[in-house]
file run29.cif (mmCIF, C-alpha atoms (C1' of nucleotides))
data_coords
#
loop_
_atom_site.label_atom_id
_atom_site.label_comp_id
_atom_site.auth_asym_id
_atom_site.auth_seq_id
_atom_site.Cartn_x
_atom_site.Cartn_y
_atom_site.Cartn_z
CA MET A 1 24.39 34.53 8.33
CA ASN A 2 24.05 32.69 5.10
CA VAL A 3 20.49 33.03 3.96
CA LYS A 4 20.93 30.81 0.96
CA THR A 5 21.72 27.72 3.00
CA PRO A 6 19.38 27.61 5.97
CA ILE A 7 20.09 24.95 8.51
CA ASN A 8 18.45 21.78 7.32
CA PRO A 9 18.75 18.87 9.72
CA LEU A 10 17.60 16.37 7.12
CA LEU A 11 20.26 17.53 4.67
CA GLN A 12 22.90 17.58 7.36
CA HIS A 13 22.08 14.06 8.47
CA ALA A 14 22.00 12.90 4.90
CA ALA A 15 25.35 14.45 4.13
CA GLN A 16 26.95 12.74 7.11
CA THR A 17 25.38 9.41 6.28
CA LEU A 18 26.46 9.74 2.67
CA THR A 19 30.10 10.44 3.30
CA SER A 20 30.37 7.70 5.91
CA HIS A 21 28.98 5.20 3.40
CA GLY A 22 31.05 6.18 0.41
CA GLY A 23 28.10 7.96 -1.14
CA ARG A 24 28.15 11.23 -3.06
CA MET A 25 26.21 14.43 -2.60
CA THR A 26 24.82 15.37 -5.96
CA ALA A 27 22.78 18.36 -7.03
CA GLN A 28 19.74 16.11 -7.45
CA ARG A 29 19.95 14.72 -3.95
CA ARG A 30 20.45 18.16 -2.51
CA LEU A 31 17.37 19.41 -4.32
CA ILE A 32 15.19 16.49 -3.32
CA LEU A 33 16.31 16.74 0.28
CA ALA A 34 15.62 20.46 0.36
CA VAL A 35 12.13 20.12 -1.08
CA LEU A 36 11.33 17.18 1.16
CA ALA A 37 12.52 19.00 4.25
CA GLU A 38 10.31 21.98 3.60
CA SER A 39 7.26 19.87 2.77
CA GLN A 40 4.83 20.03 5.64
CA ASP A 41 2.53 17.43 4.17
CA HIS A 42 3.62 13.89 3.42
CA PRO A 43 4.20 13.94 -0.31
CA THR A 44 4.14 10.98 -2.65
CA ALA A 45 7.11 10.38 -4.92
CA GLU A 46 5.11 11.86 -7.77
CA GLU A 47 4.28 15.00 -5.79
CA LEU A 48 7.89 15.47 -4.82
CA TYR A 49 8.82 15.02 -8.45
CA GLN A 50 6.37 17.77 -9.44
CA ARG A 51 7.74 20.15 -6.84
CA VAL A 52 11.28 19.56 -7.97
CA GLN A 53 10.50 20.04 -11.63
CA PRO A 54 10.66 23.85 -11.69
CA LYS A 55 14.16 23.85 -10.27
CA ASN A 56 15.46 20.97 -12.33
CA PRO A 57 13.20 19.79 -15.15
CA ALA A 58 15.67 17.11 -16.13
CA LEU A 59 15.51 15.32 -12.81
CA ASN A 60 13.91 11.94 -13.24
CA LEU A 61 11.18 10.23 -11.25
CA SER A 62 13.38 7.22 -10.71
CA THR A 63 15.98 9.43 -9.08
CA VAL A 64 13.30 10.63 -6.69
CA TYR A 65 12.44 7.04 -5.85
CA ARG A 66 16.05 6.02 -5.47
CA THR A 67 16.76 8.92 -3.15
CA LEU A 68 13.68 8.27 -1.05
CA ARG A 69 14.40 4.58 -0.69
CA TRP A 70 17.93 5.31 0.29
CA LEU A 71 16.78 7.83 2.92
CA GLU A 72 14.31 5.26 4.15
CA GLN A 73 17.02 2.64 4.56
CA GLU A 74 19.11 5.12 6.47
CA GLY A 75 16.19 5.82 8.77
CA LEU A 76 15.88 9.46 7.74
CA VAL A 77 12.48 9.00 6.13
CA ASN A 78 9.48 6.76 6.70
CA SER A 79 7.13 5.56 4.02
CA ARG A 80 3.46 5.17 4.85
CA HIS A 81 0.20 4.25 3.26
CA PHE A 82 -3.10 5.81 4.28
CA GLU A 83 -6.50 4.16 3.97
CA GLY A 84 -8.70 5.12 1.10
CA GLU A 85 -5.81 6.16 -1.09
CA PRO A 86 -4.49 4.48 -4.21
CA HIS A 87 -1.60 2.08 -3.73
CA GLN A 88 1.00 4.75 -3.34
CA ASP A 89 3.50 5.57 -0.64
CA ARG A 90 3.72 8.84 1.19
CA PHE A 91 7.04 9.96 2.59
CA ASP A 92 7.58 11.44 5.98
CA PRO A 93 10.91 13.05 6.86
CA VAL A 94 11.88 11.85 10.31
CA ALA A 95 14.97 13.99 10.81
CA ASP A 96 15.10 15.26 14.34
CA GLN A 97 11.47 14.56 15.06
CA ARG A 98 10.36 12.47 17.95
CA PRO A 99 10.55 8.91 16.67
CA ASP A 100 7.07 7.90 17.69
CA HIS A 101 4.78 10.54 16.30
CA HIS A 102 1.41 9.64 14.86
CA HIS A 103 -0.99 10.90 12.23
CA PHE A 104 -4.47 12.24 11.86
CA ARG A 105 -5.86 12.36 8.36
CA CYS A 106 -8.84 14.50 7.41
CA ARG A 107 -11.16 12.60 5.13
CA ALA A 108 -12.40 15.84 3.58
CA CYS A 109 -9.28 17.88 2.81
CA ASN A 110 -6.79 15.02 3.20
CA ARG A 111 -4.63 17.12 5.44
CA ILE A 112 -2.31 15.19 7.70
CA ILE A 113 -1.74 16.38 11.24
CA GLU A 114 1.02 14.91 13.36
CA PHE A 115 0.67 14.42 17.06
CA ASP A 116 2.21 12.67 20.05
CA ALA A 117 0.33 10.00 21.93
CA PRO A 118 2.08 9.24 25.18
CA LEU A 119 -0.87 7.09 26.18
CA LEU A 120 0.17 4.60 23.55
CA ASP A 121 2.92 3.42 25.87
CA LYS A 122 0.22 2.09 28.12
CA VAL A 123 -1.46 0.38 25.22
CA LYS A 124 1.81 -1.29 24.33
CA GLN A 125 2.39 -2.36 27.91
CA THR A 126 -1.08 -3.75 28.23
CA PHE A 127 -0.62 -5.77 25.07
CA SER A 128 2.72 -7.17 26.24
CA ARG A 129 1.30 -8.08 29.60
CA GLN A 130 -1.64 -9.91 28.09
CA GLN A 131 -0.01 -11.57 25.11
CA GLY A 132 3.67 -11.74 26.00
CA GLY A 133 6.36 -10.86 23.48
CA GLN A 134 7.89 -7.47 22.86
CA VAL A 135 6.33 -4.45 21.25
CA GLU A 136 8.91 -2.43 19.37
CA SER A 137 6.95 0.23 17.58
CA ALA A 138 3.47 1.50 16.97
CA ALA A 139 1.76 3.13 14.03
CA LEU A 140 -1.46 4.92 14.80
CA VAL A 141 -3.58 6.77 12.29
CA LEU A 142 -6.75 8.60 13.23
CA TYR A 143 -9.32 9.39 10.55
CA GLY A 144 -12.02 12.02 10.72
CA LEU A 145 -12.69 15.67 10.03
CA CYS A 146 -10.16 18.34 10.92
CA ALA A 147 -11.26 21.44 12.79
CA ASP A 148 -11.58 23.50 9.60
CA CYS A 149 -13.61 20.94 7.71
CA ALA A 150 -15.81 20.09 10.67
CA SER A 151 -16.86 23.71 11.07
CA LYS A 152 -18.23 23.93 7.51
CA MET B 1 -27.60 -30.36 13.01
CA ASN B 2 -26.30 -29.80 9.58
CA VAL B 3 -22.56 -30.33 9.69
CA LYS B 4 -22.03 -29.44 6.08
CA THR B 5 -23.19 -25.85 6.47
CA PRO B 6 -21.85 -24.49 9.72
CA ILE B 7 -23.12 -21.12 10.77
CA ASN B 8 -21.04 -18.53 9.00
CA PRO B 9 -21.90 -14.96 9.93
CA LEU B 10 -19.89 -13.56 7.06
CA LEU B 11 -21.73 -15.69 4.56
CA GLN B 12 -25.08 -14.88 6.14
CA HIS B 13 -24.42 -11.18 6.05
CA ALA B 14 -23.20 -11.44 2.50
CA ALA B 15 -26.27 -13.35 1.39
CA GLN B 16 -28.56 -10.74 2.89
CA THR B 17 -26.61 -7.86 1.39
CA LEU B 18 -26.57 -9.57 -1.98
CA THR B 19 -30.28 -10.19 -2.27
CA SER B 20 -31.11 -6.70 -1.09
CA HIS B 21 -28.87 -5.25 -3.81
CA GLY B 22 -30.02 -7.40 -6.68
CA GLY B 23 -26.86 -9.47 -6.50
CA ARG B 24 -26.54 -13.22 -6.96
CA MET B 25 -25.05 -15.89 -4.78
CA THR B 26 -22.76 -17.94 -6.96
CA ALA B 27 -20.69 -21.00 -6.17
CA GLN B 28 -17.54 -18.89 -6.47
CA ARG B 29 -18.69 -16.31 -3.95
CA ARG B 30 -19.81 -19.00 -1.57
CA LEU B 31 -16.41 -20.64 -1.77
CA ILE B 32 -14.46 -17.43 -1.32
CA LEU B 33 -16.61 -16.38 1.61
CA ALA B 34 -16.21 -19.75 3.27
CA VAL B 35 -12.44 -19.77 2.92
CA LEU B 36 -12.16 -16.16 4.04
CA ALA B 37 -14.34 -16.75 7.09
CA GLU B 38 -12.22 -19.64 8.29
CA SER B 39 -8.94 -17.82 7.70
CA GLN B 40 -7.48 -16.75 11.00
CA ASP B 41 -4.70 -14.75 9.41
CA HIS B 42 -5.31 -11.81 7.10
CA PRO B 43 -4.77 -13.30 3.68
CA THR B 44 -3.82 -11.43 0.53
CA ALA B 45 -5.93 -11.90 -2.58
CA GLU B 46 -3.28 -14.22 -3.92
CA GLU B 47 -3.25 -16.33 -0.76
CA LEU B 48 -7.02 -16.60 -0.82
CA TYR B 49 -6.78 -17.60 -4.44
CA GLN B 50 -4.32 -20.37 -3.55
CA ARG B 51 -6.55 -21.68 -0.79
CA VAL B 52 -9.54 -21.76 -3.06
CA GLN B 53 -7.73 -23.53 -5.87
CA PRO B 54 -8.08 -27.11 -4.54
CA LYS B 55 -11.86 -26.78 -4.35
CA ASN B 56 -12.30 -24.95 -7.63
CA PRO B 57 -9.24 -24.80 -9.86
CA ALA B 58 -11.13 -22.81 -12.48
CA LEU B 59 -11.86 -19.90 -10.19
CA ASN B 60 -10.01 -16.83 -11.35
CA LEU B 61 -7.89 -14.36 -9.41
CA SER B 62 -9.98 -11.48 -10.71
CA THR B 63 -13.07 -13.08 -9.24
CA VAL B 64 -11.31 -13.15 -5.90
CA TYR B 65 -10.51 -9.46 -6.23
CA ARG B 66 -14.00 -8.57 -7.36
CA THR B 67 -15.54 -10.45 -4.46
CA LEU B 68 -13.19 -8.88 -1.94
CA ARG B 69 -13.76 -5.36 -3.19
CA TRP B 70 -17.47 -5.88 -3.14
CA LEU B 71 -17.30 -7.16 0.45
CA GLU B 72 -15.18 -4.16 1.32
CA GLN B 73 -17.71 -1.76 -0.12
CA GLU B 74 -20.43 -3.46 1.86
CA GLY B 75 -18.39 -3.06 5.02
CA LEU B 76 -18.01 -6.81 5.55
CA VAL B 77 -14.27 -6.80 5.00
CA ASN B 78 -11.45 -4.33 5.56
CA SER B 79 -8.32 -4.09 3.47
CA ARG B 80 -5.06 -3.20 5.13
CA HIS B 81 -1.43 -2.75 4.38
CA PHE B 82 1.31 -3.63 6.84
CA GLU B 83 4.72 -2.02 6.99
CA GLY B 84 7.63 -3.85 5.49
CA GLU B 85 5.47 -5.76 3.07
CA PRO B 86 5.24 -5.45 -0.69
CA HIS B 87 2.47 -3.24 -2.04
CA GLN B 88 -0.26 -5.72 -1.46
CA ASP B 89 -3.48 -5.61 0.47
CA ARG B 90 -4.45 -7.98 3.24
CA PHE B 91 -8.08 -8.69 3.87
CA ASP B 92 -9.71 -8.82 7.24
CA PRO B 93 -13.25 -10.17 7.61
CA VAL B 94 -15.12 -7.86 9.91
CA ALA B 95 -18.35 -9.79 10.21
CA ASP B 96 -19.64 -9.69 13.74
CA GLN B 97 -16.37 -8.55 15.22
CA ARG B 98 -16.03 -5.46 17.31
CA PRO B 99 -15.61 -2.64 14.83
CA ASP B 100 -12.52 -1.13 16.37
CA HIS B 101 -10.09 -3.95 16.82
CA HIS B 102 -6.41 -3.46 16.22
CA HIS B 103 -3.41 -5.47 15.12
CA PHE B 104 -0.06 -6.64 16.32
CA ARG B 105 2.31 -7.99 13.73
CA CYS B 106 5.31 -10.15 14.58
CA ARG B 107 8.30 -9.11 12.54
CA ALA B 108 9.76 -12.61 12.80
CA CYS B 109 6.88 -14.96 11.94
CA ASN B 110 4.58 -12.32 10.46
CA ARG B 111 1.72 -13.55 12.54
CA ILE B 112 -1.05 -11.07 13.13
CA ILE B 113 -2.72 -10.87 16.51
CA GLU B 114 -5.90 -8.88 16.98
CA PHE B 115 -6.65 -7.03 20.16
CA ASP B 116 -8.91 -4.40 21.68
CA ALA B 117 -7.52 -1.12 22.89
CA PRO B 118 -10.13 0.71 24.92
CA LEU B 119 -7.48 3.26 25.89
CA LEU B 120 -7.53 4.52 22.34
CA ASP B 121 -10.78 6.30 23.11
CA LYS B 122 -8.79 8.54 25.42
CA VAL B 123 -6.22 9.14 22.72
CA LYS B 124 -8.97 10.17 20.34
CA GLN B 125 -10.54 12.46 22.90
CA THR B 126 -7.23 14.07 23.69
CA PHE B 127 -6.61 14.73 20.04
CA SER B 128 -10.06 16.26 19.53
CA ARG B 129 -9.65 18.45 22.56
CA GLN B 130 -6.29 19.75 21.44
CA GLN B 131 -6.87 20.08 17.71
CA GLY B 132 -10.62 20.35 17.34
CA GLY B 133 -12.46 18.42 14.66
CA GLN B 134 -13.96 14.98 14.91
CA VAL B 135 -12.16 11.67 15.11
CA GLU B 136 -14.18 8.95 13.44
CA SER B 137 -11.94 5.94 13.44
CA ALA B 138 -8.52 4.75 14.43
CA ALA B 139 -6.11 2.24 12.96
CA LEU B 140 -3.39 1.05 15.28
CA VAL B 141 -0.72 -1.47 14.38
CA LEU B 142 1.90 -2.62 16.84
CA TYR B 143 5.10 -4.20 15.55
CA GLY B 144 7.47 -6.41 17.51
CA LEU B 145 8.10 -10.01 18.46
CA CYS B 146 5.27 -12.30 19.47
CA ALA B 147 5.57 -14.39 22.61
CA ASP B 148 6.69 -17.47 20.68
CA CYS B 149 9.36 -15.70 18.68
CA ALA B 150 10.61 -13.67 21.63
CA SER B 151 11.28 -16.82 23.65
CA LYS B 152 13.61 -18.27 21.04
"C1'" DC C 1 40.80 8.55 -12.99
"C1'" DT C 2 37.54 5.49 -10.44
"C1'" DG C 3 33.40 4.30 -9.11
"C1'" DT C 4 28.85 6.03 -7.72
"C1'" DG C 5 24.61 8.42 -9.42
"C1'" DT C 6 21.52 9.70 -13.14
"C1'" DG C 7 18.40 9.61 -17.20
"C1'" DC C 8 15.99 6.86 -20.01
"C1'" DA C 9 13.28 3.14 -21.23
"C1'" DA C 10 11.83 -1.21 -20.20
"C1'" DA C 11 10.17 -4.46 -16.94
"C1'" DG C 12 7.81 -5.90 -12.53
"C1'" DG C 13 4.26 -6.66 -9.03
"C1'" DC C 14 -0.28 -6.05 -7.67
"C1'" DT C 15 -4.83 -4.80 -9.08
"C1'" DT C 16 -8.47 -3.46 -12.27
"C1'" DT C 17 -11.15 -3.64 -16.53
"C1'" DG C 18 -13.40 -4.93 -21.27
"C1'" DC C 19 -15.62 -8.30 -23.46
"C1'" DA C 20 -17.90 -12.60 -24.65
"C1'" DT C 21 -19.92 -16.43 -22.34
"C1'" DA C 22 -21.96 -18.88 -18.35
"C1'" DG C 23 -25.24 -19.13 -15.04
"C1'" DA C 24 -28.63 -17.25 -11.11
"C1'" DC C 25 -33.19 -15.85 -10.43
"C1'" DG D 1 -35.41 -14.94 -20.74
"C1'" DT D 2 -32.99 -11.32 -18.47
"C1'" DC D 3 -29.37 -9.48 -16.39
"C1'" DT D 4 -25.49 -10.23 -13.16
"C1'" DA D 5 -21.04 -12.73 -12.49
"C1'" DT D 6 -17.15 -15.13 -14.37
"C1'" DG D 7 -12.95 -16.32 -17.05
"C1'" DC D 8 -9.60 -14.70 -19.79
"C1'" DA D 9 -6.46 -11.51 -21.45
"C1'" DA D 10 -5.12 -7.00 -21.71
"C1'" DA D 11 -4.32 -2.76 -19.55
"C1'" DG D 12 -3.26 0.33 -15.50
"C1'" DC D 13 -0.85 2.22 -11.78
"C1'" DC D 14 2.98 2.68 -8.87
"C1'" DT D 15 7.59 1.30 -8.37
"C1'" DT D 16 11.99 -0.88 -9.55
"C1'" DT D 17 15.83 -2.15 -12.58
"C1'" DG D 18 19.42 -2.50 -16.52
"C1'" DC D 19 22.41 -0.01 -19.03
"C1'" DA D 20 25.26 3.65 -20.96
"C1'" DC D 21 26.73 8.11 -19.87
"C1'" DA D 22 27.67 11.93 -16.48
"C1'" DC D 23 29.97 13.54 -12.76
"C1'" DA D 24 31.67 13.71 -7.54
"C1'" DG D 25 35.58 12.75 -4.92
#
call {"tool": "encode", "arguments": {"input": "run29.cif", "output": "structure tokens"}}
result
Amino acid sequence: MNVKTPINPLLQHAAQTLTSHGGRMTAQRRLILAVLAESQDHPTAEELYQRVQPKNPALNLSTVYRTLRWLEQEGLVNSRHFEGEPHQDRFDPVADQRPDHHHFRCRACNRIIEFDAPLLDKVKQTFSRQQGGQVESAALVLYGLCADCASK
Amino acid sequence: MNVKTPINPLLQHAAQTLTSHGGRMTAQRRLILAVLAESQDHPTAEELYQRVQPKNPALNLSTVYRTLRWLEQEGLVNSRHFEGEPHQDRFDPVADQRPDHHHFRCRACNRIIEFDAPLLDKVKQTFSRQQGGQVESAALVLYGLCADCASK
DNA sequence: CTGTGTGCAAAGGCTTTGCATAGAC
DNA sequence: GTCTATGCAAAGCCTTTGCACACAG
């Protein structure tokens, strides 16, 4: 077992996508992918940049952006914006996750909790039935207090 | 019947809020409120600015922003961001609408359709039951093709 | 070696802010 | 007359882009 290179689906996907598109796997991309994959929150580009700094102080913010946008185009990452925040994007590694997961955001500690909402299929169906057309995807964000913050 | 001043709940609310906060009803605010209230789409600040131009070419973009942000603070307007758009806000007059309405956005014509989703209450309850905490609000956006665009 | 990726610095898009003047109450 | 709102221009914040050099394949 190689402890130094744990299995990282995001990195694996990225590597495949890269080679099949004539791209190159650089140290910077590897680092960004690794940090992103182990981030449980949904970091902004700036936050990712900060976390990468210790391991490679020379790595530039624009490289972080370029990598994220490329991952986004390849469908390996989603960018989101949450209410009440400045005009900044947060990045959500999709990797092997269920495609249609949703988010709860605590307005006190800003924690983001992901969850599935199978009931949303019904909501989509109802909309289609009433309005016609096709619903392709849904983005649901719940806002409130998480269990920890509510109990204080 | 006074045809020149149709009943405008947004404007009425705004007028009340203004006077009770020591604010002043100016020609600019009246204009912006009127145009916003009759906008069926969810205009950006820039779009609102364009629509206001013919009636008052001197009115400044920053006045539009200041008015919108003030309305937002007062809870008379919501600002939103939709996926796939530049980093710009769209403004949604709340006025006398149901508080918890949601949005469908057509990826072809960009039209926005509002709808109610009573089933979301169940989604909220399910989340609270499983994770604890309190859910205060929900923002749902469906993406797809509207009836018109789907039939082409 | 060839061509993609990176660092750096500058520019871009949307939004906010400081300040002097205009205008509501 | 007093104090809030506006217009204008400048700044701010997040993000993207141009260019020369570095480096993966």
call {"tool": "residues_around", "arguments": {"input": "run29.cif", "residues": "range 8-22 of chain A", "least_positions_apart": "6", "cutoff": "8 Å", "atoms": "only C-alpha atoms (C1' of nucleotides)", "output": "list of chain:residue names"}}
result
A:Arg30, A:Leu33, A:Ala34, A:Ala37, A:Leu71, A:Glu74, A:Leu76, A:Pro93, A:Val94, A:Ala95, A:Asp96
call {"tool": "resolve_selection", "arguments": {"input": "run29.cif", "expression": "the PyMOL selection byres ((chain B) within 7 of (chain D))", "output": "count of residues only"}}
result
4
call {"tool": "closest_residue", "arguments": {"input": "run29.cif", "among": "A:His81, A:Gln53, A:Asn110, A:Phe91", "to": "chain B", "atoms": "all atoms listed in the file"}}
result
A:His81
call {"tool": "resolve_selection", "arguments": {"input": "run29.cif", "expression": "the PyMOL selection byres ((chain C and resi 23) around 9)", "output": "NGL selection string"}}
result
(:B and (26)) or (:C and (22 or 24)) or (:D and (5))
call {"tool": "resolve_selection", "arguments": {"input": "run29.cif", "expression": "the PyMOL selection byres ((chain A) within 7 of (chain B))", "output": "PyMOL selection string"}}
result
chain A and resi 87+117+119+123+131-147+150
call {"tool": "closest_residue", "arguments": {"input": "run29.cif", "among": "C:DC1, C:DT16, C:DC25, C:DG7", "to": "chain A", "atoms": "only C-alpha atoms (C1' of nucleotides)"}}
result
C:DG7
call {"tool": "interface_residues", "arguments": {"input": "run29.cif", "of": "chain C", "to": "chain A", "cutoff": "9 Å", "atoms": "only C-alpha atoms (C1' of nucleotides)", "output": "ChimeraX atom specification"}}
result
/C:4-8
call {"tool": "axis_aligned_box", "arguments": {"input": "run29.cif", "around": "range 64-68 of chain A", "padding_each_side": "4 Å", "output": "AutoDock Vina command-line options"}}
result
--center_x 14.6 --center_y 8.3 --center_z -3.9 --size_x 12.3 --size_y 12.6 --size_z 13.6
call {"tool": "atom_distance", "arguments": {"input": "run29.cif", "atom1": "CA of Pro86 in chain A", "atom2": "CA of Thr44 in chain A"}}
result
10.9 Å
call {"tool": "atom_distance", "arguments": {"input": "run29.cif", "atom1": "CA of Arg51 in chain B", "atom2": "C1' of DA11 in chain C"}}
result
28.9 Å
call {"tool": "atom_distance", "arguments": {"input": "run29.cif", "atom1": "CA of Tyr49 in chain A", "atom2": "C1' of DG12 in chain C"}}
result
21.3 Å
call {"tool": "residues_around", "arguments": {"input": "run29.cif", "residues": "His42 in chain A", "least_positions_apart": "6", "cutoff": "8 Å", "atoms": "only C-alpha atoms (C1' of nucleotides)", "output": "list in words"}}
result
Arg90, Phe91, Asp92 and Ile112 of chain A
call {"tool": "decode", "arguments": {"input": "run29.cif", "residues": "range 113-141 of chain A", "atoms": "N, CA and C atoms", "output": "PDB file, in the first residue's frame"}}
result
ATOM      1  N   ILE A 113     -23.737  21.925   4.616  1.00  0.00           N
ATOM      2  CA  ILE A 113     -24.029  20.504   4.755  1.00  0.00           C
ATOM      3  C   ILE A 113     -24.685  20.037   3.461  1.00  0.00           C
ATOM      4  N   GLU A 114     -24.202  18.940   2.933  1.00  0.00           N
ATOM      5  CA  GLU A 114     -24.781  18.422   1.698  1.00  0.00           C
ATOM      6  C   GLU A 114     -25.826  17.369   2.016  1.00  0.00           C
ATOM      7  N   PHE A 115     -26.831  17.305   1.183  1.00  0.00           N
ATOM      8  CA  PHE A 115     -27.853  16.286   1.416  1.00  0.00           C
ATOM      9  C   PHE A 115     -28.538  15.931   0.103  1.00  0.00           C
ATOM     10  N   ASP A 116     -29.211  14.777   0.112  1.00  0.00           N
ATOM     11  CA  ASP A 116     -29.998  14.354  -1.042  1.00  0.00           C
ATOM     12  C   ASP A 116     -31.440  14.732  -0.806  1.00  0.00           C
ATOM     13  N   ALA A 117     -32.135  15.022  -1.888  1.00  0.00           N
ATOM     14  CA  ALA A 117     -33.547  15.387  -1.756  1.00  0.00           C
ATOM     15  C   ALA A 117     -34.352  14.705  -2.844  1.00  0.00           C
ATOM     16  N   PRO A 118     -34.597  13.416  -2.640  1.00  0.00           N
ATOM     17  CA  PRO A 118     -35.323  12.651  -3.664  1.00  0.00           C
ATOM     18  C   PRO A 118     -36.689  13.248  -3.982  1.00  0.00           C
ATOM     19  N   LEU A 119     -37.254  13.944  -3.011  1.00  0.00           N
ATOM     20  CA  LEU A 119     -38.562  14.557  -3.229  1.00  0.00           C
ATOM     21  C   LEU A 119     -38.538  15.609  -4.332  1.00  0.00           C
ATOM     22  N   LEU A 120     -37.354  16.111  -4.598  1.00  0.00           N
ATOM     23  CA  LEU A 120     -37.260  17.147  -5.625  1.00  0.00           C
ATOM     24  C   LEU A 120     -37.704  16.640  -6.994  1.00  0.00           C
ATOM     25  N   ASP A 121     -37.559  15.331  -7.206  1.00  0.00           N
ATOM     26  CA  ASP A 121     -38.024  14.774  -8.476  1.00  0.00           C
ATOM     27  C   ASP A 121     -39.499  15.069  -8.677  1.00  0.00           C
ATOM     28  N   LYS A 122     -40.235  14.965  -7.604  1.00  0.00           N
ATOM     29  CA  LYS A 122     -41.666  15.262  -7.678  1.00  0.00           C
ATOM     30  C   LYS A 122     -41.898  16.731  -8.001  1.00  0.00           C
ATOM     31  N   VAL A 123     -41.093  17.570  -7.367  1.00  0.00           N
ATOM     32  CA  VAL A 123     -41.232  19.002  -7.623  1.00  0.00           C
ATOM     33  C   VAL A 123     -40.989  19.296  -9.098  1.00  0.00           C
ATOM     34  N   LYS A 124     -39.956  18.664  -9.631  1.00  0.00           N
ATOM     35  CA  LYS A 124     -39.645  18.848 -11.052  1.00  0.00           C
ATOM     36  C   LYS A 124     -40.796  18.375 -11.935  1.00  0.00           C
ATOM     37  N   GLN A 125     -41.303  17.189 -11.589  1.00  0.00           N
ATOM     38  CA  GLN A 125     -42.403  16.636 -12.386  1.00  0.00           C
ATOM     39  C   GLN A 125     -43.625  17.539 -12.347  1.00  0.00           C
ATOM     40  N   THR A 126     -43.924  18.006 -11.151  1.00  0.00           N
ATOM     41  CA  THR A 126     -45.081  18.881 -11.008  1.00  0.00           C
ATOM     42  C   THR A 126     -44.924  20.123 -11.868  1.00  0.00           C
ATOM     43  N   PHE A 127     -43.721  20.680 -11.837  1.00  0.00           N
ATOM     44  CA  PHE A 127     -43.487  21.879 -12.643  1.00  0.00           C
ATOM     45  C   PHE A 127     -43.688  21.586 -14.126  1.00  0.00           C
ATOM     46  N   SER A 128     -43.086  20.487 -14.601  1.00  0.00           N
ATOM     47  CA  SER A 128     -43.213  20.130 -16.010  1.00  0.00           C
ATOM     48  C   SER A 128     -44.679  19.931 -16.403  1.00  0.00           C
ATOM     49  N   ARG A 129     -45.406  19.270 -15.533  1.00  0.00           N
ATOM     50  CA  ARG A 129     -46.794  18.983 -15.846  1.00  0.00           C
ATOM     51  C   ARG A 129     -47.589  20.280 -15.969  1.00  0.00           C
ATOM     52  N   GLN A 130     -47.298  21.220 -15.081  1.00  0.00           N
ATOM     53  CA  GLN A 130     -48.082  22.453 -15.071  1.00  0.00           C
ATOM     54  C   GLN A 130     -47.644  23.453 -16.133  1.00  0.00           C
ATOM     55  N   GLN A 131     -46.335  23.499 -16.388  1.00  0.00           N
ATOM     56  CA  GLN A 131     -45.835  24.565 -17.264  1.00  0.00           C
ATOM     57  C   GLN A 131     -45.355  24.052 -18.617  1.00  0.00           C
ATOM     58  N   GLY A 132     -45.207  22.725 -18.746  1.00  0.00           N
ATOM     59  CA  GLY A 132     -44.617  22.193 -19.966  1.00  0.00           C
ATOM     60  C   GLY A 132     -43.114  22.356 -19.930  1.00  0.00           C
ATOM     61  N   GLY A 133     -42.455  22.009 -21.024  1.00  0.00           N
ATOM     62  CA  GLY A 133     -41.003  22.131 -21.073  1.00  0.00           C
ATOM     63  C   GLY A 133     -40.306  21.006 -20.342  1.00  0.00           C
ATOM     64  N   GLN A 134     -38.992  21.088 -20.289  1.00  0.00           N
ATOM     65  CA  GLN A 134     -38.207  20.035 -19.649  1.00  0.00           C
ATOM     66  C   GLN A 134     -37.350  20.615 -18.537  1.00  0.00           C
ATOM     67  N   VAL A 135     -37.381  19.963 -17.404  1.00  0.00           N
ATOM     68  CA  VAL A 135     -36.493  20.365 -16.313  1.00  0.00           C
ATOM     69  C   VAL A 135     -35.261  19.479 -16.365  1.00  0.00           C
ATOM     70  N   GLU A 136     -34.105  20.110 -16.429  1.00  0.00           N
ATOM     71  CA  GLU A 136     -32.872  19.320 -16.552  1.00  0.00           C
ATOM     72  C   GLU A 136     -32.111  19.182 -15.243  1.00  0.00           C
ATOM     73  N   SER A 137     -32.113  20.245 -14.463  1.00  0.00           N
ATOM     74  CA  SER A 137     -31.395  20.160 -13.195  1.00  0.00           C
ATOM     75  C   SER A 137     -32.031  21.076 -12.167  1.00  0.00           C
ATOM     76  N   ALA A 138     -31.628  20.879 -10.943  1.00  0.00           N
ATOM     77  CA  ALA A 138     -32.199  21.663  -9.854  1.00  0.00           C
ATOM     78  C   ALA A 138     -31.107  22.044  -8.874  1.00  0.00           C
ATOM     79  N   ALA A 139     -31.180  23.257  -8.392  1.00  0.00           N
ATOM     80  CA  ALA A 139     -30.236  23.704  -7.368  1.00  0.00           C
ATOM     81  C   ALA A 139     -31.041  24.198  -6.182  1.00  0.00           C
ATOM     82  N   LEU A 140     -30.911  23.486  -5.088  1.00  0.00           N
ATOM     83  CA  LEU A 140     -31.659  23.857  -3.883  1.00  0.00           C
ATOM     84  C   LEU A 140     -30.688  24.204  -2.769  1.00  0.00           C
ATOM     85  N   VAL A 141     -30.911  25.331  -2.151  1.00  0.00           N
ATOM     86  CA  VAL A 141     -30.125  25.691  -0.979  1.00  0.00           C
ATOM     87  C   VAL A 141     -31.073  26.024   0.162  1.00  0.00           C
TER      88      VAL A 141
END
